[in-house]
Amino acid sequence: MFKVLFFDSGVGGLSVYCDVMAEYPEIEPCFLFDNAFFPYGDKPSEFIRDRVTSLICRMTELYHFDMTVVACNTASTIALDALRSKISIPVVGVVPAIKPAARLTKKKIIGLLATPGTVARSYTHDLIRDFALGTQVLSIGTTELVRIAEDKLAGLAVSIDEIAAVLAPWTELPERQRPDVIVLGCTHFPHLKSEIHAVMPEAMLIDSGRAIGRRVKSLLSAMPQHEIANPEAAAAIAEGASGKDFAGGAAFCTDMSILSERNKLVFNRFGFAECRELRMQ
């Protein structure tokens, strides 16, 4: 089975993890989340690029993986090129589903619901320019929904009124001016699909999770099971002893001292038996 590292700043990337596992269950997963600097949506680009690259490079130094999935829109729009230049295994990122949304809208009005950073970045603007020509894109940048999604996964009650307040810039528009397709441009937001649908039942909600699952399946299916993407690890395994362990079945945080018991239980529910701390030194 292939060994895949999933990464996010918080627990939102579990939505992508579920979509990938549904598409290609022949995976031994590990999850790394940067709770020390959660959330990423309001952090400077340079910080995110350096932070994501250093964390994932450290994990691949310590443990063997065949692929990394950056299950975070904010990190993906900033750090993919830098990360790919540092590690030899395939890196799959998540970007807002602007292209399919532009195909699906009948009104030629789509909504982008993402973090403030993702909404503001040139990568997102390029996606809109390249794939949504002639379509109006209405954007809402929010970190509040990130918090609400984390609370929901931790078993806390979700306030529809809070979600309605975030979506008010759209719901207060005349019906003909509201988006009929909403792009969930943060991996936390698919966890709130039912609540968002309750506020805007007329809109279609789409995200990138299933597309990422298909991409992962395509890449891993083309990689023979006996071949390991990391050449050094492959040589070690061929000799009968890899220099790297595998961290499968574990979730790694970056600060155990602030990790709540509720978050530990979240990862337990998703199949990760234990939580450990990634030490950078």
# chains A, B, ... in the order shown; residues from 1 in each chain; ligands from 1
call {"tool": "closest_atom_pairs", "arguments": {"of": "range 149-200 of chain A", "to": "range 77-98 of chain A", "cutoff": "8 Å", "atoms": "only C-alpha atoms", "output": "Markdown table"}}
result
| residue | atom | partner | partner_atom | distance |
| --- | --- | --- | --- | --- |
| A:Val183 | CA | A:Ala97 | CA | 6.0 |
| A:Leu184 | CA | A:Pro96 | CA | 7.1 |
| A:Gly185 | CA | A:Pro96 | CA | 4.7 |
| A:Cys186 | CA | A:Pro96 | CA | 7.6 |
call {"tool": "residues_around", "arguments": {"residues": "Ser9 in chain A", "least_positions_apart": "2", "cutoff": "12 Å", "atoms": "only C-alpha atoms", "output": "VMD selection string"}}
result
chain A and resid 6 to 7 11 to 14 31 to 43 48 51 to 52 55 to 56 70 to 76 146 to 147 150 186 to 188 252 to 255
call {"tool": "select_by_dssp", "arguments": {"residues": "range 17-261 of chain A", "states": "helix (DSSP H, G or I)", "output": "ChimeraX atom specification"}}
result
/A:17-23,35-37,45-62,73-84,98-104,116-120,122-131,144-153,160-171,175-177,189-199,209-221,231-238,256-258,261
call {"tool": "atom_distance", "arguments": {"atom1": "CA of Ser208 in chain A", "atom2": "CA of Lys193 in chain A"}}
result
13.4 Å
call {"tool": "select_by_dssp", "arguments": {"residues": "range 126-230 of chain A", "states": "strand (DSSP E)", "output": "MDAnalysis selection string"}}
result
chainID A and resid 136:141 181:184 204:206
call {"tool": "closest_residue", "arguments": {"among": "A:Ile27, A:Leu156, A:Ile109, A:Ala164", "to": "Ala198 in chain A", "atoms": "only C-alpha atoms"}}
result
A:Ala164
call {"tool": "closest_residue", "arguments": {"among": "A:Gly271, A:Gly209, A:Gly134, A:Gly249", "to": "Leu5 in chain A", "atoms": "only C-alpha atoms"}}
result
A:Gly249
call {"tool": "closest_residue", "arguments": {"among": "A:Glu172, A:Thr142, A:Leu259, A:Arg103", "to": "Ile206 in chain A", "atoms": "only C-alpha atoms"}}
result
A:Arg103
call {"tool": "atom_distance", "arguments": {"atom1": "CA of Val166 in chain A", "atom2": "CA of Leu153 in chain A"}}
result
19.0 Å
call {"tool": "atom_distance", "arguments": {"atom1": "CA of Val199 in chain A", "atom2": "CA of Arg176 in chain A"}}
result
16.4 Å
